[in-house]
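S.K.: This is the structure, below, for whatever I ask next.
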Amino acid sequence: MKPPSYLVAILVVGFCFALRIPLEADPVSHILVQLPLLAWSGVLITPNGTGRRSEWNRGGVATLLVAFFTIIFWMLPRSIDAVLSSPTMELAKFITLPFGVGAPLAIGWARAHPLLRGIIKAEVVSMLGVLAFLYIHAPVRICNAYLVSDQHRLGYGFLFLALGLSVFWIAPLFIVHTKRAVMPTKTPATA
Amino acid sequence: MIKAKHQPQEAAVKFTMLLAGVVLLLMMVFGFIMRAAQGGMIEIDQALFYQIMTAHGAGMVGTAGLTGISILWYFTGRYVPLLAGVFWTFLGLFLTGVVLILGSIFIGGYAGAWTFLFPLPAMSGGFWSNEAAATFLLGYIFIGVAFLLLHLEIARKLIAAYGSIGGALAWPLAFGNGRAENAPPPTVVAAMASTLFNVMGIVVGATVLVSSLVNLMIPDFAVNALLAKNMIFFFGHVFINASIYMAVIAVYEILPEYLGKPWKTTRPFAIAWTMVFLFVLAVYPHHLLQDVAMPAWALIMGQVVSYLSGIPLLAVTAFSLLVYLRQSRVMYWDLASALLVLGVAGWSIGSAPAIIDGMIAVNKVMHNTQWVPGHFHIYLLLGEVAITFGFMAWLVKDPREKGLNILDLAGFAVYLLGGVGFTLMFLISGALSVPRRWAVHVPEWFLQDRLATGFALLVILGALLFVVSYAQGLRKKRTR
């Protein structure tokens, strides 16, 4: 039997909290494991169809913007540094990532136009590429809490994640589904 | 078989082609000025020469991309319903990019060539500011985003209609037991393949553009120069080739109306386009044959793939066209059909000097000579641009009229003569080791420069006739 998704969400948050010290000791596991897991817990607690008819969220734009602005805040090295030195910021992270990123992203994604979804995916891959460049080439230490060698490893982490996501999103598009195909033919010339 | 009932976005594409025609003319005038200056016929400030060269390169490559993707958009719109708003957004972003680029060049003084090779944008020697270079790069990013948006819409509609990327590339026919009658039309195959490699090229280009921007603002963020060059030439090679591959869709769609039989997707055709997809991505190291720090395998790959890359598509397009032309009993010539056939011929012929320059032994002595602009002017001026003018002529064609009127004939003859002469002067100069990208030439090189200037004038005259005839055709079509 499949466990209810809110139970999985609690387990995920509990895992992130219980193992926060080893996870946060390394920027790779902090940024690329703990933060996405917390956001995922927000996806899990969002019931299907939430906000599907609300006028204020047409095309999912409003909730997607909430998610993006929250992500932007947590992309700042200064925010990551603050988490490690302030319990209040740590608490803010555990609240805002599920409720400010995961849940609004799930609500917005369900209503987003397929073209917008494609743009978001492209943006994610390219932004990970830019972050990889910045973290690998930065001439200074970006986070006070982590070493320069750590930030280089994080940069490569961004790069591999970008490559992995590209393959994950693009590879299925190569598989031929003949039953799905409509195969339109030619229309008469119109000019 | 389900008949598609989609209408291409005619008004948007017609407007874009008018803009493109005017820009092409302007860029040709820039080319004319440069050749006249090199031949000592006029005097211009050397800094201005390099600004004009930058605008000419960026403008021509951008316009080739714009016209190529407009042709692709127009004909793909026959098979899948494309969102009109996406095209207008594309055009808005593209024109914003153009304004930024022109501003950076003619106001900011940027003159680092369209290839923005790292670290040149940041090392102007006082000729332009970092802000001007950044504006130029930002302009490119706007244009890149515009293309990505359009390709995204095309890809998702083709994948939805044909089941997958493989389905749109006719892989069941190419590599499985699919039947030709169930295969997607040539336009779909070409649109899918072009979309794939152009997206890859633009993504790589965007990455190096952003890296260069960061470097401009914070020089301590150093980019590996060899990696940057690889990325730039991967992007540049793929983008300019994509413009031709996208434009050739006009040949697949328009010429069958003249030939009286459809252009079909056959197994060799489907295999050829998949090979093209791979070769376009793999051949780019032939631009870096003089970079001794490149790994030997990459340079060898560049040379070997150069031999191969022209073959598949030219074989199925040029050879098929010859067969169709020979077999057709109803073929007639007007401006559109003449220019489209010229486009395929120019594209085919232009690949020969390209392959020659793609050989390491030749490239050692020829790469920095006018041989290189010689080859790419053949397959742009007599290839992609000829197809573009052919498409424009077809868009405004009066179905009641068949044949070439005197003005069309004059325009075509002048354009052909000018184009052949102009490109030959480049090739001859290249063979005589005349360097490319030099503002000042010694008197011994003046003869070819001056002849080329005359031929450039003929090209401009021909192009002017095409654009004026297109504008008149638009007006007539509106009143009809």
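Quick note on naming: the chains in the structure tokens go A, B, ... in the order shown, residues restart at 1 in each chain, and ligands are numbered from 1 in order of appearance.
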Using only C-alpha atoms, determine which residues lie at most 12 Å from Pro443 of chain B, disregarding the query and same-chain residues fewer than 3 positions distant; provide the list as a compact mmCIF listing (two decimals) with N, CA and C atoms, in the first residue's frame.
M.R.:
```txt
# COMPACT_ATOMS: atom_id res chain seq x y z
N ALA B 37 36.55 50.68 -49.81
CA ALA B 37 37.61 51.23 -48.97
C ALA B 37 38.90 50.42 -49.12
N GLN B 38 38.75 49.10 -49.19
CA GLN B 38 39.93 48.25 -49.36
C GLN B 38 40.60 48.52 -50.71
N GLY B 39 39.79 48.84 -51.70
CA GLY B 39 40.34 49.10 -53.03
C GLY B 39 40.85 50.52 -53.20
N GLY B 40 40.83 51.29 -52.14
CA GLY B 40 41.34 52.65 -52.21
C GLY B 40 40.43 53.59 -52.99
N MET B 41 39.19 53.21 -53.21
CA MET B 41 38.27 54.05 -53.99
C MET B 41 37.62 55.12 -53.11
N VAL B 434 45.75 37.14 -50.14
CA VAL B 434 45.32 38.45 -49.63
C VAL B 434 44.61 38.21 -48.29
N VAL B 440 43.06 48.15 -44.51
CA VAL B 440 43.93 48.80 -45.51
C VAL B 440 44.60 47.73 -46.38
N PHE B 446 44.57 45.94 -55.18
CA PHE B 446 43.46 46.82 -55.53
C PHE B 446 42.58 46.29 -56.67
N LEU B 447 43.20 45.59 -57.64
CA LEU B 447 42.44 45.18 -58.82
C LEU B 447 41.23 44.33 -58.42
N GLN B 448 41.49 43.28 -57.62
CA GLN B 448 40.36 42.42 -57.21
C GLN B 448 39.37 43.20 -56.35
N ASP B 449 39.91 44.08 -55.46
CA ASP B 449 39.02 44.86 -54.59
C ASP B 449 38.08 45.73 -55.42
N ARG B 450 38.64 46.35 -56.44
CA ARG B 450 37.83 47.28 -57.25
C ARG B 450 36.83 46.52 -58.11
```
S.K.: Env of Val223 of chain B: 8 Å cut, atoms = only C-alpha atoms, seq-sep filter 3 positions within chain, self excluded. Answer as a list in words.
M.R.: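 Contacts, with the query itself left out: His137 of chain A; Phe118, Ser211, Ser212, Asn215, Leu227 and Ala228 of chain B.
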S.K.: Restrict the distance test to only C-alpha atoms, flag each residue of chain B within 8 Å of chain A, and return the flagged residues as number ranges by chain.
M.R.: B: 1-7, 78-80, 149, 152-153, 156, 159-167, 172, 182-185, 203, 207, 210-211, 220-223, 394-397
S.K.: Output C-alpha atoms for every residue in the selection just made, as a compact mmCIF listing (two decimals), in the first residue's frame.
M.R.:
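Ended up saving to result_14.txt:
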```
# COMPACT_ATOMS: atom_id res chain seq x y z
CA MET B 1 -4.15 9.75 -43.14
CA ILE B 2 -5.46 12.88 -41.44
CA LYS B 3 -5.39 16.02 -43.54
CA ALA B 4 -4.00 18.98 -41.65
CA LYS B 5 -6.14 22.08 -41.73
CA HIS B 6 -3.68 24.64 -40.55
CA GLN B 7 -2.93 27.98 -42.10
CA ARG B 78 0.95 24.07 -42.62
CA TYR B 79 1.30 20.87 -40.61
CA VAL B 80 0.90 21.90 -36.97
CA LEU B 149 11.34 30.54 -27.78
CA LEU B 152 10.50 25.50 -28.28
CA GLU B 153 7.07 26.13 -29.77
CA ARG B 156 6.62 20.82 -28.76
CA ILE B 159 6.63 16.15 -30.92
CA ALA B 160 2.93 16.23 -30.03
CA ALA B 161 1.87 15.65 -33.64
CA TYR B 162 4.44 13.03 -34.60
CA GLY B 163 4.81 11.22 -31.29
CA SER B 164 8.44 12.06 -30.55
CA ILE B 165 11.56 13.68 -31.91
CA GLY B 166 12.30 10.38 -33.64
CA GLY B 167 8.84 10.33 -35.17
CA PRO B 172 10.66 4.56 -38.25
CA ASN B 182 3.26 7.24 -43.24
CA ALA B 183 6.41 9.31 -42.89
CA PRO B 184 6.24 12.99 -42.01
CA PRO B 185 6.70 15.42 -44.91
CA VAL B 203 22.44 27.13 -25.64
CA THR B 207 26.61 30.12 -22.00
CA VAL B 210 26.96 35.13 -20.22
CA SER B 211 30.48 34.07 -19.21
CA ASP B 220 38.81 38.28 -12.32
CA PHE B 221 36.18 35.81 -13.55
CA ALA B 222 38.51 34.51 -16.23
CA VAL B 223 37.18 32.28 -18.98
CA TRP B 394 6.66 33.33 -54.22
CA LEU B 395 4.83 34.97 -51.29
CA VAL B 396 3.61 37.79 -53.51
CA LYS B 397 3.33 35.82 -56.73
```
S.K.: What does the distance between atom CA of Met331 of chain B and atom CA of Leu259 of chain B come to in Å, to one decimal place?
M.R.: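 That distance, rounded to one decimal, is 4.8 Å.
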S.K.: Need the shell around Leu161 of chain A: protein/DNA/RNA residues with any atom at most 12 Å away, counting only C-alpha atoms. Skip same-chain ones fewer than 6 positions apart. Format as number ranges by chain?
M.R.: A: 28, 31-33, 124-129, 131-132, 154-155, 167-169
S.K.: Fewer than 4 positions away in the same chain doesn't count, so skip those; otherwise give me all residues within 10 Å of His367 of chain B, counting only C-alpha atoms, as a PDB file with C-alpha atoms, in the first residue's frame.
M.R.:
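Wrote it out as around23.pdb, contents follow:
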```pdb
ATOM      1  CA  HIS B 287      37.242  26.462 -37.636  1.00  0.00           C
ATOM      2  CA  LEU B 288      40.054  25.871 -35.130  1.00  0.00           C
ATOM      3  CA  LEU B 289      42.618  24.110 -37.285  1.00  0.00           C
ATOM      4  CA  GLN B 290      45.188  26.828 -36.557  1.00  0.00           C
ATOM      5  CA  ASP B 357      39.566  24.997 -46.483  1.00  0.00           C
ATOM      6  CA  GLY B 358      38.531  22.290 -44.030  1.00  0.00           C
ATOM      7  CA  ILE B 360      44.455  20.944 -42.279  1.00  0.00           C
ATOM      8  CA  VAL B 362      45.258  23.893 -46.860  1.00  0.00           C
ATOM      9  CA  ASN B 363      43.903  25.678 -43.820  1.00  0.00           C
ATOM     10  CA  TRP B 371      39.338  32.426 -49.393  1.00  0.00           C
ATOM     11  CA  VAL B 372      37.148  32.006 -46.308  1.00  0.00           C
ATOM     12  CA  PRO B 373      34.790  34.946 -46.960  1.00  0.00           C
ATOM     13  CA  GLY B 430      42.381  34.207 -51.139  1.00  0.00           C
ATOM     14  CA  SER B 433      47.086  35.110 -50.046  1.00  0.00           C
ATOM     15  CA  PRO B 435      44.452  38.602 -45.930  1.00  0.00           C
ATOM     16  CA  ARG B 436      40.892  38.954 -44.740  1.00  0.00           C
TER      17      ARG B 436
END
```
S.K.: Using only C-alpha atoms, which of the listed residues (A:Lys121, A:Ser149, A:Val83, A:Tyr156) sits closest to Glu24 of chain A?
M.R.: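 The shortest atom-to-atom distance to Glu24 of chain A comes from A:Val83.
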S.K.: What does the distance between atom CA of Gly112 of chain B and atom CA of Ala456 of chain B come to in Å, to one decimal place?
M.R.: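 Separating atom CA of Gly112 of chain B from atom CA of Ala456 of chain B is a distance of 24.0 Å.
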S.K.: Which polymer residues have any atom within 12 Å of an atom of Ser79 of chain A, counting only C-alpha atoms, with same-chain residues fewer than 3 positions away left out, as a ChimeraX atom specification?
M.R.: /A:31,70-76,82-86,88-90,92-93,142-145
S.K.: Deliver the residues from the most recent selection as a file, using C-alpha atoms, as a PDB file, in the first residue's frame.
M.R.:
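The resulting file, part-v1.pdb, is reproduced below:
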```
ATOM      1  CA  ILE A  31      22.332  23.001  -1.695  1.00  0.00           C
ATOM      2  CA  THR A  70      11.636  32.417  -2.920  1.00  0.00           C
ATOM      3  CA  ILE A  71      14.176  30.433  -4.949  1.00  0.00           C
ATOM      4  CA  ILE A  72      16.022  33.648  -5.822  1.00  0.00           C
ATOM      5  CA  PHE A  73      16.305  34.464  -2.114  1.00  0.00           C
ATOM      6  CA  TRP A  74      17.786  31.049  -1.362  1.00  0.00           C
ATOM      7  CA  MET A  75      20.187  31.307  -4.291  1.00  0.00           C
ATOM      8  CA  LEU A  76      22.034  34.127  -2.533  1.00  0.00           C
ATOM      9  CA  ALA A  82      22.884  33.089   7.510  1.00  0.00           C
ATOM     10  CA  VAL A  83      21.258  29.657   7.856  1.00  0.00           C
ATOM     11  CA  LEU A  84      24.459  28.287   9.323  1.00  0.00           C
ATOM     12  CA  SER A  85      24.794  31.023  11.914  1.00  0.00           C
ATOM     13  CA  SER A  86      21.194  31.883  12.822  1.00  0.00           C
ATOM     14  CA  THR A  88      15.834  31.861  12.931  1.00  0.00           C
ATOM     15  CA  MET A  89      17.078  31.623   9.349  1.00  0.00           C
ATOM     16  CA  GLU A  90      17.314  27.848   9.678  1.00  0.00           C
ATOM     17  CA  ALA A  92      12.772  30.137   7.877  1.00  0.00           C
ATOM     18  CA  LYS A  93      14.410  27.728   5.467  1.00  0.00           C
ATOM     19  CA  ILE A 142      31.535  33.194  -2.057  1.00  0.00           C
ATOM     20  CA  CYS A 143      30.267  31.727   1.244  1.00  0.00           C
ATOM     21  CA  ASN A 144      32.013  32.511   4.509  1.00  0.00           C
ATOM     22  CA  ALA A 145      31.081  29.113   5.847  1.00  0.00           C
TER      23      ALA A 145
END
```
S.K.: Quick one: residues within 10 Å of segment 380-390 of chain B, only C-alpha atoms counted, chain neighbours fewer than 6 positions away excluded, as a short mmCIF file (atom, residue, chain, number, x, y, z; two decimals) with N, CA and C atoms, in the first residue's frame?
M.R.:
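Result file part.cif:
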```cif
data_model
loop_
_atom_site.label_atom_id
_atom_site.label_comp_id
_atom_site.auth_asym_id
_atom_site.auth_seq_id
_atom_site.Cartn_x
_atom_site.Cartn_y
_atom_site.Cartn_z
N MET B 17 9.64 39.33 -43.63
CA MET B 17 10.47 39.23 -44.82
C MET B 17 10.73 40.62 -45.42
N ALA B 20 13.42 42.00 -43.32
CA ALA B 20 14.67 41.29 -43.63
C ALA B 20 15.24 41.78 -44.96
N GLY B 21 14.37 41.99 -45.95
CA GLY B 21 14.83 42.45 -47.26
C GLY B 21 15.54 43.80 -47.15
N LEU B 24 18.86 43.31 -45.37
CA LEU B 24 19.84 42.69 -46.28
C LEU B 24 20.45 43.74 -47.21
N MET B 28 24.30 44.85 -47.38
CA MET B 28 25.04 44.76 -48.65
C MET B 28 25.75 46.08 -48.93
N MET B 60 24.31 40.24 -41.10
CA MET B 60 24.05 39.23 -42.12
C MET B 60 23.73 37.88 -41.48
N VAL B 61 24.50 37.51 -40.46
CA VAL B 61 24.24 36.22 -39.79
C VAL B 61 22.85 36.26 -39.14
N THR B 63 20.29 38.17 -39.94
CA THR B 63 19.22 38.20 -40.94
C THR B 63 19.06 36.85 -41.62
N ALA B 64 20.18 36.16 -41.83
CA ALA B 64 20.09 34.81 -42.40
C ALA B 64 19.29 33.91 -41.45
N GLY B 65 19.59 34.02 -40.15
CA GLY B 65 18.84 33.25 -39.16
C GLY B 65 17.38 33.63 -39.14
N THR B 67 15.53 35.03 -41.57
CA THR B 67 14.80 34.60 -42.76
C THR B 67 14.65 33.08 -42.77
N GLY B 68 15.71 32.38 -42.34
CA GLY B 68 15.63 30.91 -42.30
C GLY B 68 14.52 30.44 -41.39
N SER B 70 11.97 32.13 -40.35
CA SER B 70 10.65 32.58 -40.82
C SER B 70 10.11 31.61 -41.87
N ILE B 71 11.00 31.14 -42.74
CA ILE B 71 10.59 30.15 -43.75
C ILE B 71 10.15 28.87 -43.05
N ILE B 240 24.79 29.48 -38.30
CA ILE B 240 24.75 29.91 -39.70
C ILE B 240 24.36 28.75 -40.61
N ASN B 241 24.80 27.53 -40.25
CA ASN B 241 24.37 26.38 -41.04
C ASN B 241 22.88 26.14 -40.89
N SER B 243 20.65 28.29 -40.50
CA SER B 243 19.88 29.24 -41.30
C SER B 243 19.70 28.72 -42.72
N ILE B 244 20.73 28.06 -43.26
CA ILE B 244 20.61 27.51 -44.61
C ILE B 244 19.68 26.29 -44.60
N TYR B 245 19.88 25.42 -43.61
CA TYR B 245 19.05 24.21 -43.55
C TYR B 245 17.57 24.55 -43.35
N MET B 246 17.31 25.64 -42.62
CA MET B 246 15.92 26.04 -42.42
C MET B 246 15.34 26.62 -43.71
N ALA B 247 16.19 27.40 -44.40
CA ALA B 247 15.72 28.05 -45.63
C ALA B 247 15.41 27.03 -46.72
N VAL B 248 16.14 25.91 -46.71
CA VAL B 248 15.96 24.94 -47.81
C VAL B 248 14.56 24.32 -47.77
N ILE B 249 13.87 24.50 -46.65
CA ILE B 249 12.48 24.03 -46.56
C ILE B 249 11.63 24.69 -47.67
N ALA B 250 11.99 25.93 -48.00
CA ALA B 250 11.24 26.62 -49.07
C ALA B 250 11.35 25.84 -50.39
N VAL B 251 12.52 25.22 -50.61
CA VAL B 251 12.71 24.43 -51.83
C VAL B 251 11.78 23.22 -51.81
N ILE B 254 7.99 24.82 -52.12
CA ILE B 254 7.55 25.66 -53.24
C ILE B 254 7.80 24.98 -54.59
N ASP B 334 9.93 31.27 -63.17
CA ASP B 334 9.65 32.67 -62.84
C ASP B 334 10.69 33.08 -61.80
N LEU B 335 10.53 34.26 -61.23
CA LEU B 335 11.58 34.74 -60.32
C LEU B 335 11.75 33.80 -59.13
N ALA B 336 10.63 33.33 -58.59
CA ALA B 336 10.70 32.47 -57.40
C ALA B 336 11.43 31.17 -57.71
N SER B 337 11.00 30.48 -58.77
CA SER B 337 11.62 29.18 -59.06
C SER B 337 13.09 29.35 -59.46
N ALA B 338 13.38 30.42 -60.21
CA ALA B 338 14.78 30.63 -60.63
C ALA B 338 15.67 30.87 -59.41
N LEU B 339 15.21 31.68 -58.48
CA LEU B 339 16.03 31.98 -57.31
C LEU B 339 16.16 30.76 -56.39
N LEU B 340 15.11 29.97 -56.29
CA LEU B 340 15.19 28.78 -55.43
C LEU B 340 16.18 27.76 -55.99
N VAL B 341 16.14 27.58 -57.31
CA VAL B 341 17.10 26.64 -57.92
C VAL B 341 18.52 27.21 -57.80
N LEU B 342 18.64 28.53 -58.01
CA LEU B 342 19.96 29.16 -57.82
C LEU B 342 20.45 28.94 -56.39
N GLY B 343 19.54 29.03 -55.43
CA GLY B 343 19.90 28.85 -54.03
C GLY B 343 20.50 27.48 -53.76
N VAL B 344 19.88 26.44 -54.34
CA VAL B 344 20.42 25.08 -54.14
C VAL B 344 21.78 24.96 -54.83
N ALA B 345 21.90 25.56 -56.02
CA ALA B 345 23.17 25.50 -56.75
C ALA B 345 24.26 26.24 -55.98
N GLY B 346 23.94 27.45 -55.48
CA GLY B 346 24.93 28.23 -54.74
C GLY B 346 25.37 27.53 -53.48
N TRP B 347 24.42 26.94 -52.82
CA TRP B 347 24.71 26.20 -51.59
C TRP B 347 25.65 25.03 -51.90
N SER B 348 25.35 24.30 -52.99
CA SER B 348 26.16 23.13 -53.36
C SER B 348 27.57 23.55 -53.76
N ILE B 349 27.64 24.60 -54.60
CA ILE B 349 28.96 25.03 -55.10
C ILE B 349 29.78 25.61 -53.95
N GLY B 350 29.14 26.35 -53.07
CA GLY B 350 29.85 26.98 -51.96
C GLY B 350 30.47 25.99 -51.00
N PHE B 412 17.33 39.17 -61.81
CA PHE B 412 17.97 37.88 -61.61
C PHE B 412 19.35 37.84 -62.26
N TYR B 415 21.81 40.07 -60.37
CA TYR B 415 22.15 39.48 -59.07
C TYR B 415 23.11 38.30 -59.26
N LEU B 416 22.80 37.47 -60.26
CA LEU B 416 23.64 36.29 -60.51
C LEU B 416 25.04 36.70 -60.95
N GLY B 418 26.53 39.61 -60.55
CA GLY B 418 27.20 40.30 -59.45
C GLY B 418 27.65 39.31 -58.38
N GLY B 419 26.79 38.36 -58.04
CA GLY B 419 27.11 37.39 -56.98
C GLY B 419 28.28 36.51 -57.35
N VAL B 420 28.27 36.01 -58.61
CA VAL B 420 29.37 35.13 -59.05
C VAL B 420 30.68 35.92 -59.08
N PHE B 422 31.46 38.74 -57.54
CA PHE B 422 31.87 39.20 -56.20
C PHE B 422 32.55 38.08 -55.42
N THR B 423 31.96 36.90 -55.44
CA THR B 423 32.53 35.79 -54.66
C THR B 423 33.82 35.28 -55.30
N VAL B 459 25.12 43.34 -57.32
CA VAL B 459 24.34 42.54 -56.36
C VAL B 459 23.30 43.43 -55.68
N ALA B 463 19.31 42.99 -55.77
CA ALA B 463 18.56 42.83 -54.51
C ALA B 463 17.53 43.94 -54.36
N PHE B 466 14.56 43.06 -56.32
CA PHE B 466 13.76 42.01 -55.66
C PHE B 466 12.91 42.61 -54.54
N VAL B 467 13.53 43.49 -53.73
CA VAL B 467 12.82 44.03 -52.56
C VAL B 467 11.70 44.97 -53.01
N TYR B 470 8.95 42.95 -54.32
CA TYR B 470 8.23 42.31 -53.21
C TYR B 470 7.27 43.30 -52.55
#
```
S.K.: Please give the complete set of residues from segment 258-393 of chain B that DSSP, run on the backbone, assigns to helix (DSSP H, G or I), formatted as a PyMOL selection string.
M.R.: chain B and resi 258-259+267-282+284-287+296-327+335-357+360-366+371-393
S.K.: Mind giving me the straight-line distance from atom CA of Ala282 of chain B to atom CA of Val204 of chain B in Å, one decimal?
M.R.: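 Computing it gives 13.7 Å between the two atoms.
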S.K.: Please identify all polymer residues within 7 Å of segment 53-63 of chain A, counting only C-alpha atoms, omitting same-chain residues fewer than 6 positions from it, and present them as a ChimeraX atom specification.
M.R.: /A:104-105,107-109,111-113
